[in-house]
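Visitor: start_25.json (JSON, C-alpha atoms and all ligand atoms) pasted underneath:
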[["chain", "number", "residue", "atom", "x", "y", "z"],
["E", 182, "MET", "CA", 109.70, 204.44, -6.71],
["E", 183, "THR", "CA", 111.68, 205.82, -3.75],
["E", 184, "ARG", "CA", 109.86, 208.59, -1.92],
["E", 185, "VAL", "CA", 112.04, 208.94, 1.20],
["E", 186, "PHE", "CA", 115.46, 210.57, 1.06],
["E", 187, "LEU", "CA", 118.09, 211.05, 3.78],
["E", 188, "VAL", "CA", 119.85, 214.11, 2.48],
["E", 189, "GLY", "CA", 123.06, 215.78, 3.63],
["E", 190, "SER", "CA", 122.62, 219.56, 3.47],
["E", 191, "GLY", "CA", 126.36, 220.35, 3.64],
["E", 192, "PRO", "CA", 127.96, 222.78, 6.09],
["E", 193, "GLY", "CA", 125.39, 225.58, 5.76],
["E", 194, "ASP", "CA", 126.08, 227.62, 2.62],
["E", 195, "PRO", "CA", 123.19, 226.89, 0.21],
["E", 196, "ASP", "CA", 125.70, 227.00, -2.67],
["E", 197, "LEU", "CA", 127.31, 223.90, -1.15],
["E", 198, "LEU", "CA", 124.17, 221.78, -1.47],
["E", 199, "THR", "CA", 124.50, 219.09, -4.10],
["E", 200, "VAL", "CA", 122.36, 219.54, -7.21],
["E", 201, "LYS", "CA", 120.50, 216.40, -6.18],
["E", 202, "ALA", "CA", 119.80, 217.74, -2.67],
["E", 203, "LEU", "CA", 118.44, 220.97, -4.18],
["E", 204, "ARG", "CA", 116.23, 219.10, -6.65],
["E", 205, "LEU", "CA", 114.85, 216.90, -3.86],
["E", 206, "LEU", "CA", 114.18, 219.90, -1.61],
["E", 207, "GLN", "CA", 112.34, 221.68, -4.41],
["E", 208, "THR", "CA", 110.06, 218.71, -4.97],
["E", 209, "ALA", "CA", 109.63, 217.54, -1.37],
["E", 210, "GLU", "CA", 106.19, 217.41, 0.19],
["E", 211, "VAL", "CA", 107.53, 216.94, 3.73],
["E", 212, "VAL", "CA", 110.93, 218.08, 5.04],
["E", 213, "LEU", "CA", 112.13, 216.97, 8.48],
["E", 214, "TYR", "CA", 115.15, 219.09, 9.28],
["E", 215, "ASP", "CA", 117.89, 219.52, 11.89],
["E", 216, "SER", "CA", 118.96, 222.90, 13.26],
["E", 217, "LEU", "CA", 122.25, 222.64, 11.38],
["E", 218, "ALA", "CA", 120.37, 222.69, 8.07],
["E", 219, "GLY", "CA", 119.92, 226.47, 8.38],
["E", 220, "LYS", "CA", 117.28, 228.97, 7.23],
["E", 221, "ALA", "CA", 118.95, 229.80, 3.90],
["E", 222, "ILE", "CA", 118.73, 226.18, 2.84],
["E", 223, "LEU", "CA", 115.17, 225.69, 4.04],
["E", 224, "ALA", "CA", 114.18, 228.75, 2.01],
["E", 225, "LEU", "CA", 114.96, 226.73, -1.11],
["E", 226, "ALA", "CA", 112.41, 224.03, -0.26],
["E", 227, "ASN", "CA", 109.15, 223.63, -2.12],
["E", 228, "PRO", "CA", 106.95, 226.43, -0.63],
["E", 229, "ALA", "CA", 104.08, 223.96, -0.37],
["E", 230, "ALA", "CA", 106.14, 221.46, 1.64],
["E", 231, "GLU", "CA", 105.40, 220.83, 5.29],
["E", 232, "LEU", "CA", 108.57, 221.74, 7.21],
["E", 233, "ILE", "CA", 109.06, 219.85, 10.47],
["E", 234, "ASP", "CA", 111.80, 221.06, 12.84],
["E", 235, "VAL", "CA", 113.30, 218.13, 14.69],
["E", 236, "GLY", "CA", 115.95, 220.50, 16.08],
["E", 237, "LYS", "CA", 118.94, 218.26, 16.62],
["E", 238, "ARG", "CA", 121.85, 220.39, 17.72],
["E", 239, "CYS", "CA", 124.40, 219.19, 20.22],
["E", 240, "GLY", "CA", 124.05, 220.74, 23.67],
["E", 241, "LYS", "CA", 120.55, 222.13, 22.96],
["E", 242, "THR", "CA", 117.14, 220.70, 23.66],
["E", 243, "SER", "CA", 116.17, 218.57, 20.73],
["E", 244, "THR", "CA", 113.55, 216.06, 19.73],
["E", 245, "ALA", "CA", 114.47, 212.63, 21.08],
["E", 246, "GLN", "CA", 115.88, 210.33, 18.41],
["E", 247, "ALA", "CA", 113.05, 207.78, 18.89],
["E", 248, "GLU", "CA", 110.51, 210.53, 18.25],
["E", 249, "ILE", "CA", 112.37, 211.63, 15.09],
["E", 250, "CYS", "CA", 112.27, 208.03, 13.84],
["E", 251, "ARG", "CA", 108.56, 207.87, 14.61],
["E", 252, "LEU", "CA", 107.86, 211.14, 12.78],
["E", 253, "LEU", "CA", 109.94, 210.00, 9.80],
["E", 254, "VAL", "CA", 108.14, 206.68, 9.47],
["E", 255, "ALA", "CA", 104.75, 208.37, 9.91],
["E", 256, "ALA", "CA", 105.57, 210.93, 7.19],
["E", 257, "ALA", "CA", 106.81, 208.18, 4.88],
["E", 258, "ARG", "CA", 103.61, 206.17, 5.39],
["E", 259, "THR", "CA", 101.51, 209.04, 4.03],
["E", 260, "GLY", "CA", 103.06, 208.25, 0.64],
["E", 261, "LYS", "CA", 104.30, 211.82, 0.33],
["E", 262, "ARG", "CA", 107.76, 212.65, -0.94],
["E", 263, "VAL", "CA", 109.81, 212.99, 2.25],
["E", 264, "VAL", "CA", 113.21, 214.61, 2.66],
["E", 265, "ARG", "CA", 115.04, 214.03, 5.94],
["E", 266, "LEU", "CA", 117.55, 216.87, 5.87],
["E", 267, "LYS", "CA", 120.70, 216.51, 7.98],
["E", 268, "GLY", "CA", 123.63, 218.88, 8.42],
["E", 269, "GLY", "CA", 126.86, 218.05, 6.57],
["E", 270, "ASP", "CA", 126.87, 214.44, 5.49],
["E", 271, "ALA", "CA", 124.11, 212.24, 6.90],
["E", 272, "MET", "CA", 126.52, 209.34, 7.47],
["E", 273, "ILE", "CA", 128.95, 211.25, 9.71],
["E", 274, "PHE", "CA", 127.71, 211.80, 13.26],
["E", 275, "GLY", "CA", 124.21, 212.13, 11.85],
["E", 276, "ARG", "CA", 122.38, 209.35, 13.74],
["E", 277, "ALA", "CA", 121.53, 207.98, 10.30],
["E", 278, "THR", "CA", 121.77, 204.39, 11.54],
["E", 279, "GLU", "CA", 118.75, 204.71, 13.81],
["E", 280, "GLU", "CA", 116.65, 206.33, 11.10],
["E", 281, "MET", "CA", 117.63, 203.81, 8.44],
["E", 282, "GLU", "CA", 116.86, 200.96, 10.86],
["E", 283, "ALA", "CA", 113.44, 202.46, 11.62],
["E", 284, "LEU", "CA", 112.65, 202.80, 7.91],
["E", 285, "ARG", "CA", 113.84, 199.26, 7.18],
["E", 286, "ALA", "CA", 111.82, 197.88, 10.10],
["E", 287, "ALA", "CA", 108.76, 199.63, 8.66],
["E", 288, "GLY", "CA", 109.47, 198.16, 5.21],
["E", 289, "ILE", "CA", 110.02, 201.61, 3.70],
["E", 290, "GLY", "CA", 112.60, 201.99, 0.94],
["E", 291, "PHE", "CA", 114.85, 205.06, 1.00],
["E", 292, "GLU", "CA", 117.83, 206.65, -0.65],
["E", 293, "VAL", "CA", 120.79, 208.41, 0.98],
["E", 294, "VAL", "CA", 122.19, 211.56, -0.64],
["E", 295, "PRO", "CA", 125.69, 212.55, 0.51],
["E", 296, "GLY", "CA", 126.57, 216.08, 1.60],
["E", 297, "ILE", "CA", 129.78, 218.03, 2.21],
["E", 298, "THR", "CA", 130.94, 217.28, 5.74],
["E", 299, "ALA", "CA", 132.17, 219.95, 8.17],
["E", 300, "ALA", "CA", 135.81, 218.83, 8.01],
["E", 301, "SER", "CA", 135.89, 219.42, 4.24],
["E", 302, "ALA", "CA", 134.26, 222.81, 4.68],
["E", 303, "ALA", "CA", 136.72, 223.81, 7.41],
["E", 304, "ALA", "CA", 139.69, 222.74, 5.27],
["E", 305, "SER", "CA", 138.37, 224.92, 2.44],
["E", 306, "VAL", "CA", 138.02, 227.89, 4.78],
["E", 307, "LEU", "CA", 141.62, 227.43, 5.91],
["E", 308, "GLN", "CA", 142.87, 226.71, 2.40],
["E", 309, "VAL", "CA", 144.81, 223.75, 3.70],
["E", 310, "SER", "CA", 144.78, 220.13, 2.60],
["E", 311, "LEU", "CA", 143.84, 217.66, 5.33],
["E", 312, "THR", "CA", 146.23, 215.10, 3.87],
["E", 313, "ARG", "CA", 149.71, 215.80, 2.65],
["E", 314, "ARG", "CA", 152.46, 213.62, 1.26],
["E", 315, "GLU", "CA", 155.13, 212.79, 3.88],
["E", 316, "ILE", "CA", 153.31, 214.85, 6.52],
["E", 317, "ALA", "CA", 149.79, 213.55, 7.00],
["E", 318, "ARG", "CA", 148.89, 210.28, 5.34],
["E", 319, "SER", "CA", 145.61, 209.73, 7.17],
["E", 320, "LEU", "CA", 142.57, 211.65, 8.30],
["E", 321, "HIS", "CA", 140.73, 210.68, 11.48],
["E", 322, "ILE", "CA", 137.19, 211.81, 12.13],
["E", 323, "LEU", "CA", 136.52, 211.94, 15.86],
["E", 324, "ALA", "CA", 133.62, 212.76, 18.14],
["E", 325, "GLY", "CA", 134.63, 215.27, 20.80],
["E", 326, "HIS", "CA", 132.10, 214.01, 23.28],
["E", 327, "GLY", "CA", 130.66, 210.67, 24.21],
["E", 328, "ALA", "CA", 127.14, 209.48, 24.89],
["E", 329, "GLU", "CA", 127.18, 210.93, 28.41],
["E", 330, "SER", "CA", 128.60, 214.26, 27.19],
["E", 331, "GLY", "CA", 132.00, 213.33, 28.62],
["E", 332, "LEU", "CA", 135.10, 212.47, 26.63],
["E", 333, "PRO", "CA", 134.86, 209.43, 24.38],
["E", 334, "ALA", "CA", 137.29, 206.57, 25.06],
["E", 335, "HIS", "CA", 139.53, 207.18, 22.06],
["E", 336, "ASP", "CA", 142.87, 205.44, 21.75],
["E", 337, "TRP", "CA", 144.81, 208.67, 22.33],
["E", 338, "VAL", "CA", 148.22, 207.05, 21.88],
["E", 339, "ALA", "CA", 147.29, 205.36, 18.58],
["E", 340, "LEU", "CA", 145.77, 208.58, 17.23],
["E", 341, "THR", "CA", 148.83, 210.58, 18.25],
["E", 342, "ARG", "CA", 151.24, 208.02, 16.78],
["E", 343, "SER", "CA", 149.33, 207.90, 13.49],
["E", 344, "GLY", "CA", 150.64, 211.35, 12.68],
["E", 345, "GLY", "CA", 147.47, 211.94, 10.69],
["E", 346, "THR", "CA", 145.18, 214.94, 10.72],
["E", 347, "LEU", "CA", 142.50, 214.81, 13.42],
["E", 348, "ALA", "CA", 139.11, 216.33, 12.68],
["E", 349, "VAL", "CA", 137.15, 216.71, 15.91],
["E", 350, "TYR", "CA", 133.39, 217.17, 15.66],
["E", 351, "MET", "CA", 131.36, 218.37, 18.66],
["E", 352, "GLY", "CA", 134.57, 219.04, 20.58],
["E", 353, "SER", "CA", 134.53, 222.73, 21.52],
["E", 354, "LYS", "CA", 133.32, 222.09, 25.09],
["E", 355, "THR", "CA", 135.54, 219.10, 25.78],
["E", 356, "LEU", "CA", 138.64, 220.56, 24.13],
["E", 357, "PRO", "CA", 140.63, 221.01, 27.39],
["E", 358, "GLY", "CA", 140.24, 217.30, 28.18],
["E", 359, "LEU", "CA", 140.94, 216.24, 24.60],
["E", 360, "ALA", "CA", 144.11, 218.34, 24.47],
["E", 361, "ALA", "CA", 145.31, 217.00, 27.83],
["E", 362, "HIS", "CA", 144.86, 213.41, 26.61],
["E", 363, "PHE", "CA", 146.76, 214.07, 23.38],
["E", 364, "ILE", "CA", 149.65, 215.80, 25.16],
["E", 365, "GLU", "CA", 149.82, 213.00, 27.72],
["E", 366, "ALA", "CA", 149.87, 210.52, 24.82],
["E", 367, "GLY", "CA", 153.00, 212.19, 23.47],
["E", 368, "MET", "CA", 151.68, 214.86, 21.10],
["E", 369, "ALA", "CA", 154.00, 217.88, 20.94],
["E", 370, "PRO", "CA", 152.33, 220.81, 22.77],
["E", 371, "GLU", "CA", 153.11, 223.02, 19.76],
["E", 372, "MET", "CA", 151.20, 220.77, 17.32],
["E", 373, "PRO", "CA", 149.09, 223.10, 15.12],
["E", 374, "ALA", "CA", 145.42, 223.14, 16.10],
["E", 375, "LEU", "CA", 142.64, 225.30, 14.65],
["E", 376, "ALA", "CA", 138.99, 225.81, 15.36],
["E", 377, "VAL", "CA", 136.56, 226.87, 12.65],
["E", 378, "GLU", "CA", 133.16, 228.15, 13.74],
["E", 379, "ASN", "CA", 130.22, 228.32, 11.31],
["E", 380, "ALA", "CA", 132.30, 227.12, 8.35],
["E", 381, "SER", "CA", 130.74, 228.44, 5.11],
["E", 382, "MET", "CA", 128.07, 230.40, 6.99],
["E", 383, "PRO", "CA", 127.58, 233.97, 8.14],
["E", 384, "GLY", "CA", 129.51, 234.35, 11.40],
["E", 385, "GLN", "CA", 132.32, 232.18, 10.10],
["E", 386, "GLY", "CA", 135.46, 232.53, 12.20],
["E", 387, "VAL", "CA", 138.76, 230.86, 12.83],
["E", 388, "LEU", "CA", 140.98, 230.47, 15.88],
["E", 389, "ARG", "CA", 144.52, 229.38, 15.31],
["E", 390, "GLY", "CA", 146.80, 227.96, 17.98],
["E", 391, "SER", "CA", 148.47, 224.78, 19.12],
["E", 392, "ILE", "CA", 147.10, 221.77, 20.92],
["E", 393, "ALA", "CA", 148.32, 223.43, 24.14],
["E", 394, "THR", "CA", 146.87, 226.90, 23.50],
["E", 395, "LEU", "CA", 143.67, 226.29, 21.50],
["E", 396, "PRO", "CA", 141.48, 225.18, 24.45],
["E", 397, "ARG", "CA", 142.02, 228.53, 26.18],
["E", 398, "LEU", "CA", 141.42, 230.51, 22.97],
["E", 399, "VAL", "CA", 138.16, 228.68, 22.30],
["E", 400, "ALA", "CA", 136.97, 229.00, 25.91],
["E", 401, "ARG", "CA", 137.63, 232.74, 25.79],
["E", 402, "ALA", "CA", 135.81, 233.14, 22.48],
["E", 403, "ALA", "CA", 132.80, 231.13, 23.79],
["E", 404, "PRO", "CA", 131.50, 230.26, 20.29],
["E", 405, "THR", "CA", 127.75, 229.80, 19.90],
["E", 406, "GLY", "CA", 127.81, 228.25, 16.42],
["E", 407, "PRO", "CA", 129.04, 224.77, 15.44],
["E", 408, "VAL", "CA", 132.81, 224.39, 15.78],
["E", 409, "LEU", "CA", 135.12, 221.98, 13.99],
["E", 410, "VAL", "CA", 138.58, 221.46, 15.46],
["E", 411, "LEU", "CA", 141.47, 220.35, 13.25],
["E", 412, "ILE", "CA", 144.75, 219.13, 14.72],
["E", 413, "GLY", "CA", 147.90, 218.03, 12.95],
["E", 414, "ALA", "CA", 151.17, 218.90, 11.25],
["E", 415, "ALA", "CA", 149.46, 219.39, 7.87],
["E", 416, "LEU", "CA", 147.75, 222.46, 9.33],
["E", 417, "ALA", "CA", 150.98, 224.35, 9.84],
["E", 418, "ASP", "CA", 150.39, 225.92, 6.44],
["E", 419, "ALA", "CA", 146.84, 227.05, 7.19],
["E", 420, "THR", "CA", 146.57, 230.26, 5.27],
["E", 421, "GLU", "CA", 146.68, 233.69, 6.81],
["E", 422, "ALA", "CA", 144.04, 234.67, 4.25],
["E", 423, "GLU", "CA", 141.57, 237.39, 5.00],
["E", 424, "VAL", "CA", 139.12, 234.96, 6.50],
["E", 425, "LEU", "CA", 141.47, 234.39, 9.44],
["E", 426, "ALA", "CA", 141.03, 238.01, 10.39],
["E", 427, "ALA", "CA", 137.40, 237.19, 11.09],
["E", 428, "SER", "CA", 138.35, 235.23, 14.17],
["E", 429, "PHE", "CA", 135.77, 234.54, 16.84],
["E", 430, "ALA", "CA", 134.57, 237.65, 18.62],
["E", 431, "GLU", "CA", 136.69, 238.12, 21.72],
["R", 1, "LIG", "C1", 126.12, 216.20, 15.11],
["R", 1, "LIG", "S1", 127.56, 216.66, 14.25],
["R", 1, "LIG", "C2", 126.97, 216.60, 12.60],
["R", 1, "LIG", "C3", 128.07, 216.53, 11.57],
["R", 1, "LIG", "C4", 127.56, 216.54, 10.14],
["R", 1, "LIG", "N1", 126.79, 215.37, 9.85],
["R", 1, "LIG", "C5", 128.68, 216.70, 9.12],
["R", 1, "LIG", "O1", 128.93, 215.78, 8.35],
["R", 1, "LIG", "O2", 129.31, 217.79, 9.11],
["R", 1, "LIG", "C6", 127.64, 218.38, 14.58],
["R", 1, "LIG", "C7", 129.07, 218.89, 14.59],
["R", 1, "LIG", "O3", 129.54, 219.06, 13.25],
["R", 1, "LIG", "C8", 130.42, 220.14, 13.18],
["R", 1, "LIG", "N2", 129.87, 221.12, 12.23],
["R", 1, "LIG", "C9", 128.76, 220.98, 11.48],
["R", 1, "LIG", "N3", 128.59, 222.04, 10.66],
["R", 1, "LIG", "C10", 129.63, 222.86, 10.91],
["R", 1, "LIG", "C11", 130.02, 224.13, 10.39],
["R", 1, "LIG", "N4", 129.32, 224.76, 9.42],
["R", 1, "LIG", "N5", 131.15, 224.71, 10.88],
["R", 1, "LIG", "C12", 131.88, 224.10, 11.82],
["R", 1, "LIG", "N6", 131.56, 222.89, 12.35],
["R", 1, "LIG", "C13", 130.45, 222.29, 11.90],
["R", 1, "LIG", "C14", 130.55, 220.71, 14.58],
["R", 1, "LIG", "O4", 131.65, 220.07, 15.20],
["R", 1, "LIG", "C15", 129.25, 220.26, 15.20],
["R", 1, "LIG", "O5", 129.35, 220.19, 16.61]]
Would you mind writing the structure in this file as structure tokens?
Ligand SMILES: C[S@@+](CC[C@H](N)C(=O)[O-])C[C@H]1O[C@@H](n2cnc3c(N)ncnc32)[C@H](O)[C@@H]1O
Guide:
Amino acid sequence: MTRVFLVGSGPGDPDLLTVKALRLLQTAEVVLYDSLAGKAILALANPAAELIDVGKRCGKTSTAQAEICRLLVAAARTGKRVVRLKGGDAMIFGRATEEMEALRAAGIGFEVVPGITAASAAASVLQVSLTRREIARSLHILAGHGAESGLPAHDWVALTRSGGTLAVYMGSKTLPGLAAHFIEAGMAPEMPALAVENASMPGQGVLRGSIATLPRLVARAAPTGPVLVLIGAALADATEAEVLAASFAE
């Protein structure tokens, strides 16, 4: 019987947990969690469970990945029911590969439970579809920074030519460089670009601009929460709904 679960906690709103994630949290004996998992979600865990903060949050001090793998394997070896809780979906920028490899190497069976990823949450906040017939036929999920915290070596021209929607994770700090690459690759400076901070959580806010203007807007707002950047023609219709009024504090 599987006793180790890699669980996506979704974007932060406890109502956006899957039923399965909730059931596993309520019956867990050990929960290893990332900072993105959030207090409101942890409050739903079995009160008797041991909660271990492994604090992964980009740009902040966090437990080294090797140590997280070690803690996970050690917890699994106790035979207890272990939930490894990760923000959003575990399989998208969640370092799930390392943890699955560590469990496999230790001969420990596990199950992965999907969660709602940040791009889906941001699209819901904006009330805009990430794909749209004739306008955006693809969705590209990109990391905004590379292993050395610089820009990743994306194929800027291919991404620009695709005409798809670009969802940039972990990109608020590197946005000026990202935007410069896209414009140099031929993207129109007025291409719609939006940043959603804390999607689905308290402190949720939106900044709306173009690929040319968004970097300055984000730098001025200096967001402290997680930020998802969406770029593409499909976003031209991003709603002016009330939530947009709650833009980042300026
Ligand atoms: C290490 S990645 C983890 C992504 C996660 N596995 C997912 O599927 O959403 C962290 C990045 O996800 C994005 N992110 C996660 N939660 C978010 C939220 N509630 N609002 C906005 N962006 C979020 C931000 O770009 C953040 O820098």
Visitor: Around the point (143.5, 212.8, 16.3), in the coordinates given by the file, pick out the residues reaching within 9 Å, counting only C-alpha atoms, and return them as a PDB file with C-alpha atoms, keeping the file's coordinate frame.
Guide:
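Done, and the output landed in part.pdb:
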ATOM      1  CA  LEU E 320     142.570 211.650   8.300  1.00  0.00           C
ATOM      2  CA  HIS E 321     140.730 210.680  11.480  1.00  0.00           C
ATOM      3  CA  ILE E 322     137.190 211.810  12.130  1.00  0.00           C
ATOM      4  CA  LEU E 323     136.520 211.940  15.860  1.00  0.00           C
ATOM      5  CA  HIS E 335     139.530 207.180  22.060  1.00  0.00           C
ATOM      6  CA  TRP E 337     144.810 208.670  22.330  1.00  0.00           C
ATOM      7  CA  ALA E 339     147.290 205.360  18.580  1.00  0.00           C
ATOM      8  CA  LEU E 340     145.770 208.580  17.230  1.00  0.00           C
ATOM      9  CA  THR E 341     148.830 210.580  18.250  1.00  0.00           C
ATOM     10  CA  SER E 343     149.330 207.900  13.490  1.00  0.00           C
ATOM     11  CA  GLY E 344     150.640 211.350  12.680  1.00  0.00           C
ATOM     12  CA  GLY E 345     147.470 211.940  10.690  1.00  0.00           C
ATOM     13  CA  THR E 346     145.180 214.940  10.720  1.00  0.00           C
ATOM     14  CA  LEU E 347     142.500 214.810  13.420  1.00  0.00           C
ATOM     15  CA  ALA E 348     139.110 216.330  12.680  1.00  0.00           C
ATOM     16  CA  VAL E 349     137.150 216.710  15.910  1.00  0.00           C
ATOM     17  CA  PHE E 363     146.760 214.070  23.380  1.00  0.00           C
ATOM     18  CA  LEU E 411     141.470 220.350  13.250  1.00  0.00           C
ATOM     19  CA  ILE E 412     144.750 219.130  14.720  1.00  0.00           C
ATOM     20  CA  GLY E 413     147.900 218.030  12.950  1.00  0.00           C
TER      21      GLY E 413
END
Visitor: 9 Å from ligand LIG 1 (chain R) is the threshold here; counting only C-alpha atoms and all ligand atoms, which polymer residues fall inside it? Answer as a VMD selection string.
Guide: chain E and resid 189 to 194 217 to 218 237 to 240 267 to 276 296 to 303 324 to 325 348 to 353 376 to 382 385 406 to 410
Visitor: Using only C-alpha atoms, which residues sit within 7 Å of region 313-316 of chain E once same-chain residues fewer than 2 positions away are excluded, as a list in words?
Guide: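 Counting only the stated atoms, we get Ser310, Leu311, Arg318, Ala414 and Ala415 of chain E.
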Visitor: What lies within 8 Å of Val211 (chain E) using only C-alpha atoms, ignoring chain neighbours under 3 positions off, as a PDB file with C-alpha atoms, in the frame of the given file?
Guide:
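Just written: around-v1.pdb:
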ATOM      1  CA  ALA E 230     106.140 221.460   1.640  1.00  0.00           C
ATOM      2  CA  GLU E 231     105.400 220.830   5.290  1.00  0.00           C
ATOM      3  CA  LEU E 232     108.570 221.740   7.210  1.00  0.00           C
ATOM      4  CA  ILE E 233     109.060 219.850  10.470  1.00  0.00           C
ATOM      5  CA  ALA E 256     105.570 210.930   7.190  1.00  0.00           C
ATOM      6  CA  LYS E 261     104.300 211.820   0.330  1.00  0.00           C
ATOM      7  CA  ARG E 262     107.760 212.650  -0.940  1.00  0.00           C
ATOM      8  CA  VAL E 263     109.810 212.990   2.250  1.00  0.00           C
ATOM      9  CA  VAL E 264     113.210 214.610   2.660  1.00  0.00           C
TER      10      VAL E 264
END
Visitor: Draw an axis-aligned box tight on the listed atoms of region 311-321 of chain E, then pad every side by 4 Å and write out centre and edge lengths in Å to one decimal as AutoDock Vina command-line options.
Guide:
--center_x 147.9 --center_y 213.7 --center_z 6.4 --size_x 22.4 --size_y 15.9 --size_z 18.2
Visitor: List every protein, DNA or RNA residue with an atom no more than 12 Å from (117.7, 220.6, -6.0) in the file's coordinates, counting all atoms listed in the file, and format the result as a PyMOL selection string.
Guide: chain E and resi 188+190+195-209+222-227+264+294
Visitor: Residues at most 8 Å from Thr183 (chain E), counting only C-alpha atoms, excluding those fewer than 3 positions away in the same chain, as a list in words?
Guide: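 Selected residues are Phe186, Gly290, Phe291 and Glu292 of chain E.
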Visitor: Mind pulling up the distance from CA of Gly386 (chain E) to CA of Val309 (chain E)?
Guide: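 If I compute the distance from CA of Val309 (chain E) to CA of Gly386 (chain E), I get 15.4 Å.
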Visitor: Grab the CA of Ala255 (chain E) to CA of Glu282 (chain E) distance for me, in Å with one decimal place.
Guide: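 CA of Ala255 (chain E) sits 14.2 Å away from CA of Glu282 (chain E).
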Visitor: In terms of the shortest atom-to-atom distance over only C-alpha atoms, which of E:Thr278, E:Thr405, E:Ser305, E:Thr355 is closest to Glu329 (chain E)?
Guide: E:Thr355
Visitor: In Å to one decimal, how far is CA of Val185 (chain E) from CA of Asp234 (chain E)?
Guide: 16.8 Å
Visitor: E:Ala277, E:Leu253, E:Val338, E:Ser216: which is nearest Gly236 (chain E), counting all atoms listed in the file?
Guide: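 When distances to Gly236 (chain E) are compared using all atoms listed in the file, the smallest one comes from E:Ser216.
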